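Student: Here it is, the structure in full.
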Amino acid sequence: MSHATALGCSVLRCLAVATVALPLSAMLWRYCFSSQAGWRRRLATAAAVAPLFVPDLLIGFTYRLTSARLLHSDVGTELLYAGLLLLRVTGLQVVARLLLPVPAGSLEAMHSWRLLNDGTRAWAWQWVRLNILGRYRAAVVAWLAGSLLCFQEFETAALVQINQLPVVWTVWLFDAFAAGEPLSLSLQHVAWAMGFQLLLLSPALVLLRAAGSGAAGGLAVTGAVDAGAVGGRAAGSGRSIERSLSVLVLLAVVTAAVLIPVWTSSGQIVSGLALLWQQGTLLSRIGQVLQSVVTSVLAAVLALWICRDLVGRGVLSLLFLSLGLCGSLVLSLVMLAFFQLPIIRVVYDTYIPMVATQTLWLLPRAWLLLMLLRVLADSESLHSAGLLLASADAGVSRTARVTLWRLGRIRWLLAVSLLTHWSFWDVSIVSLLRPVQFEPVVTRLYNEMHYGRTDTLIAMTVLSVVMPFCLALLAGLLMYALPFRRLGRSDTWGETRE
């Protein structure tokens with residue numbers, strides 16, 4: 001099978017999946033905003049975006065047997081893989097709609113355009129600008145982001161064994177490279193894929209840049225206005241059928257992406273842990289997970305630190321963010337060639353290539369999280385809360401402490417935890433750029449999954465899921481227990497410093 005065939009199939013698949021997901025994400029977005037109760041809105045939003053946080057390895061391993069034994073046709077395998085992609089793409093599009101709500105002035109601008117319309121070509125172009133940068137901006141960005149995510153996907157396709165017809169270009173490229181294809185030829189194949197990704201990235205970046213700071217502020221201010229408007233329209237028009245359908249879709253998403261993977265693996269956890277203990281390898285496996293967590297945390301902190309300085313840098317920030325948006329497999333191959341250059345080859349078999357590539361890949365995600373933190377963390381509130389820490393009233397001081405925790409440290413802890421999660425479970429970067437003396441737990445899981453479902457494999461997977469969560473919880477308790485400084489001005493980290 002040629003590279004052109006694999007690339008063509010992947011392009012058609014990503015465009016189709018992103019298009020199908022668009023009305024689903026719009027329906028779920030309206031349902032999230034039409035839920036009047038705060039807990040119901042948060043629960044619906046969490047269910048819609050849950051597939052974004054379920055590891056690809058867990059999804060691929062769960063449905064690997066379905067692909068191998070239950071489906072014996074190319075069409076069935078394609079539908080299974082497209083359905084798994086649809087879960088994640090829909091969640092991403094919901095996030096895009098939440099971050100980029102419809103500007104409050106879009107309807108007024110369109111009404112003014114209709115009143116002033118004289119039918120000329122200039123007015124037609126103005127209609128395009130008002131819609132693309134106005135009420136359709138979120139939908140266009142969501143469609144482009146979903147297409148890009150679907151086009152870059154690798155881990156699930158590899159585990160579900162999409163390596164013939166149907167085919168995925170990332171799996172085709174990785175298999176060819178693993179079979180001995182020269183790196184220079186692999187990079188030539190990457191160039192064609194990069195061209196298509198730039199076609200998706202360019203308009204998305206233009207729309208986000210045109211949105212300016214209003215897109216970031218929309219989540220906190222405009223989004224609330226739109227939420228009430230959407231909720232009122234939904235309640236007033238009696239769209240009970242759409243709400244019922246939204247509930248069914250959310251239940252299907254949670255069942256397919258969360259409940260089935262957890263249920264199919266829960267029965268072998270205890271026996272797998274007991275077997276690891278009997279073999280005397282439990283402590284070594286725990287150490288392997290901890291090593292992977294440490295390198296992922298380092299990449300996450302570096303990405304946040306770099307993005308903190310990139311905010312407001314214009315072209316420079318877009319350049320660094322574009323590198324991360326190219327996908328982990330493409331970025332890994334490019335960095336693999338970079339670190340084989342004679343000048344820097346001395347650091348090739350170290351942790352530097354792996355951590356540096358993970359950091360670049362996390363940059364766009366870190367930028368997004370940093371943008372949200374800057375919007376939601378009000379510097380004046382942080383400063384006022386810092387001053388209230390000096391109050392002699394224990395209740396006032398306690399309230400100030402909780403305020404600083406909620407507006408500052410907890411947000412950065414969540415940012416580091418999310419970035420660590422994404423870096424920890426990515427297979428492409430660590431499999432191509434890890435040093436010889438280091439075996440990340442995710443590559444070990446990936447290799448052992450080829451031998452089928454075993455008790456020890458399930459136990460290691462559970463350790464890989466539970467241990468980072470417990471470490472994040474412990475870090476949160478320690479950060480909450482650390483004293484806050486009482487005097488000074490607010491900084492961007494949600495603390496006060498003298």
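By order of appearance in the structure tokens: chains A, B, ..., then residues from 1 within every chain, and ligands from 1 in the order shown.
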Please identify all polymer residues within 7 Å of Ser328 of chain A, counting only C-alpha atoms, omitting same-chain residues fewer than 5 positions from it, and present them as a compact mmCIF listing (two decimals) with C-alpha atoms, in the first residue's frame.
Tutor:
# COMPACT_ATOMS: atom_id res chain seq x y z
CA TRP A 361 4.11 18.94 22.08
CA SER A 428 4.99 8.16 20.03
CA ILE A 429 7.47 10.50 21.69
Student: Report as a list in words all protein, DNA and RNA residues lying within 6 Å of Gln93 of chain A, evaluated on only C-alpha atoms, omitting residues in the same chain fewer than 3 positions from it.
Tutor: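 So the residues in contact are Ser25, Thr90, Ala96 and Ala142 of chain A.
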Student: Which residue is closest to Leu148 of chain A? Choose from A:Leu85, A:Leu370, A:Ile260, A:Val442 and count only C-alpha atoms.
Tutor: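 Selected residue with least distance to Leu148 of chain A: A:Leu85.
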Student: So that each row is one residue of segment 260-368 of chain A with an atom at most 9 Å from segment 51-64 of chain A, can you give its shortest atom pair and the distance in Å to one decimal, using only C-alpha atoms, rows by chain and rising number, as a tab-separated table?
Tutor:
residue	atom	partner	partner_atom	distance
A:Ile260	CA	A:Thr62	CA	7.8
A:Pro261	CA	A:Thr62	CA	5.5
A:Val262	CA	A:Leu58	CA	8.7
A:Thr264	CA	A:Thr62	CA	7.3
A:Ser265	CA	A:Thr62	CA	8.3
Student: Write the selection just made, keeping N, CA and C atoms, as a JSON list (two decimals), in the first residue's frame?
Tutor:
[["chain", "number", "residue", "atom", "x", "y", "z"],
["A", 260, "ILE", "N", -17.27, 0.93, 29.83],
["A", 260, "ILE", "CA", -16.86, -0.35, 29.23],
["A", 260, "ILE", "C", -15.37, -0.62, 29.45],
["A", 261, "PRO", "N", -14.44, 0.35, 29.21],
["A", 261, "PRO", "CA", -13.03, 0.07, 29.50],
["A", 261, "PRO", "C", -12.78, -0.28, 30.96],
["A", 262, "VAL", "N", -13.46, 0.41, 31.89],
["A", 262, "VAL", "CA", -13.24, 0.12, 33.31],
["A", 262, "VAL", "C", -13.83, -1.23, 33.67],
["A", 264, "THR", "N", -14.49, -3.92, 31.79],
["A", 264, "THR", "CA", -13.81, -5.08, 31.21],
["A", 264, "THR", "C", -12.47, -5.37, 31.88],
["A", 265, "SER", "N", -11.91, -4.39, 32.59],
["A", 265, "SER", "CA", -10.61, -4.59, 33.21],
["A", 265, "SER", "C", -10.68, -4.79, 34.72]]
Student: With only C-alpha atoms as the atoms that count, which of A:Gly327, A:Leu414, A:Ala179, A:Phe424 lies nearest to Leu473 of chain A?
Tutor: A:Leu414
Student: Which residues in segment 421-472 of chain A does DSSP call helix (DSSP H, G or I)? List them as number ranges by chain.
Tutor: A: 421-424, 428-433, 441-449, 455-472
Student: With only C-alpha atoms as the counted atoms, please give the residues lying no more than 12 Å from Gln291 of chain A, apart from itself and same-chain residues fewer than 6 positions off, as a VMD selection string.
Tutor: chain A and resid 284 to 285 297 to 298 351 424 437 to 442 464 467 to 468
Student: Next, dump the selected residues to file, keeping only N, CA and C atoms, as a compact mmCIF listing (two decimals), in the first residue's frame.
Tutor:
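Contents of result_7.txt, as written:
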# COMPACT_ATOMS: atom_id res chain seq x y z
N SER A 284 9.22 -2.78 41.60
CA SER A 284 9.91 -2.29 40.40
C SER A 284 8.92 -1.65 39.42
N ARG A 285 7.71 -2.21 39.33
CA ARG A 285 6.69 -1.62 38.46
C ARG A 285 6.23 -0.27 39.00
N VAL A 297 6.00 15.28 34.50
CA VAL A 297 5.84 16.50 35.29
C VAL A 297 6.86 17.55 34.86
N LEU A 298 8.09 17.12 34.62
CA LEU A 298 9.12 18.06 34.17
C LEU A 298 8.73 18.71 32.85
N TYR A 351 18.00 12.08 28.42
CA TYR A 351 16.60 12.45 28.61
C TYR A 351 16.22 13.74 27.87
N PHE A 424 2.18 11.72 29.93
CA PHE A 424 2.42 10.40 30.48
C PHE A 424 1.91 9.30 29.55
N GLN A 437 18.56 3.50 28.66
CA GLN A 437 18.46 3.01 30.03
C GLN A 437 17.09 3.25 30.67
N PHE A 438 16.17 3.90 29.97
CA PHE A 438 14.87 4.25 30.54
C PHE A 438 13.76 3.60 29.72
N GLU A 439 12.90 2.86 30.42
CA GLU A 439 11.74 2.26 29.76
C GLU A 439 10.47 2.84 30.37
N PRO A 440 9.81 3.78 29.70
CA PRO A 440 8.56 4.33 30.22
C PRO A 440 7.50 3.25 30.35
N VAL A 441 6.66 3.40 31.32
CA VAL A 441 5.65 2.37 31.57
C VAL A 441 4.67 2.27 30.41
N VAL A 442 4.44 3.36 29.70
CA VAL A 442 3.47 3.33 28.61
C VAL A 442 3.97 2.47 27.46
N SER A 464 -0.84 2.56 36.62
CA SER A 464 -0.51 3.72 35.80
C SER A 464 -1.60 4.78 35.84
N MET A 467 -1.87 5.79 40.33
CA MET A 467 -0.74 6.42 41.00
C MET A 467 -0.58 7.91 40.65
N PRO A 468 -0.63 8.32 39.37
CA PRO A 468 -0.55 9.76 39.10
C PRO A 468 -1.68 10.56 39.75
Student: Would you mind reading off the distance between atom CA of Arg434 of chain A and atom CA of Pro353 of chain A, one decimal, in Å?
Tutor: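 Taking atom CA of Arg434 of chain A as the start and atom CA of Pro353 of chain A as the end point, the length is 7.5 Å.
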Student: Write out as JSON, numbers by chain the residues lying within 12 Å of Val94 of chain A, counting only C-alpha atoms and excluding same-chain residues fewer than 5 positions away.
Tutor: {"A": [18, 21, 22, 23, 24, 25, 26, 27, 28, 29, 30, 31, 32, 33, 44, 45, 46, 47, 48, 49, 50, 51, 52, 87, 88, 89, 99, 100, 101, 138, 139, 141, 142, 143, 145, 146, 250]}
Student: Give me the segment 323-395 of chain A side of the contact with segment 182-197 of chain A, cut-off 9 Å, one line per residue showing its nearest atom pair and distance in Å at one decimal, counting only C-alpha atoms, sorted by chain and residue number, as a Markdown table.
Tutor:
| residue | atom | partner | partner_atom | distance |
| --- | --- | --- | --- | --- |
| A:Leu325 | CA | A:Gln197 | CA | 8.7 |
| A:Cys326 | CA | A:Gln197 | CA | 6.9 |
| A:Val330 | CA | A:Val190 | CA | 6.5 |
| A:Leu333 | CA | A:Leu187 | CA | 7.1 |
| A:Val334 | CA | A:Leu187 | CA | 7.1 |
| A:Leu336 | CA | A:Leu183 | CA | 8.6 |
| A:Ala337 | CA | A:Leu183 | CA | 7.2 |
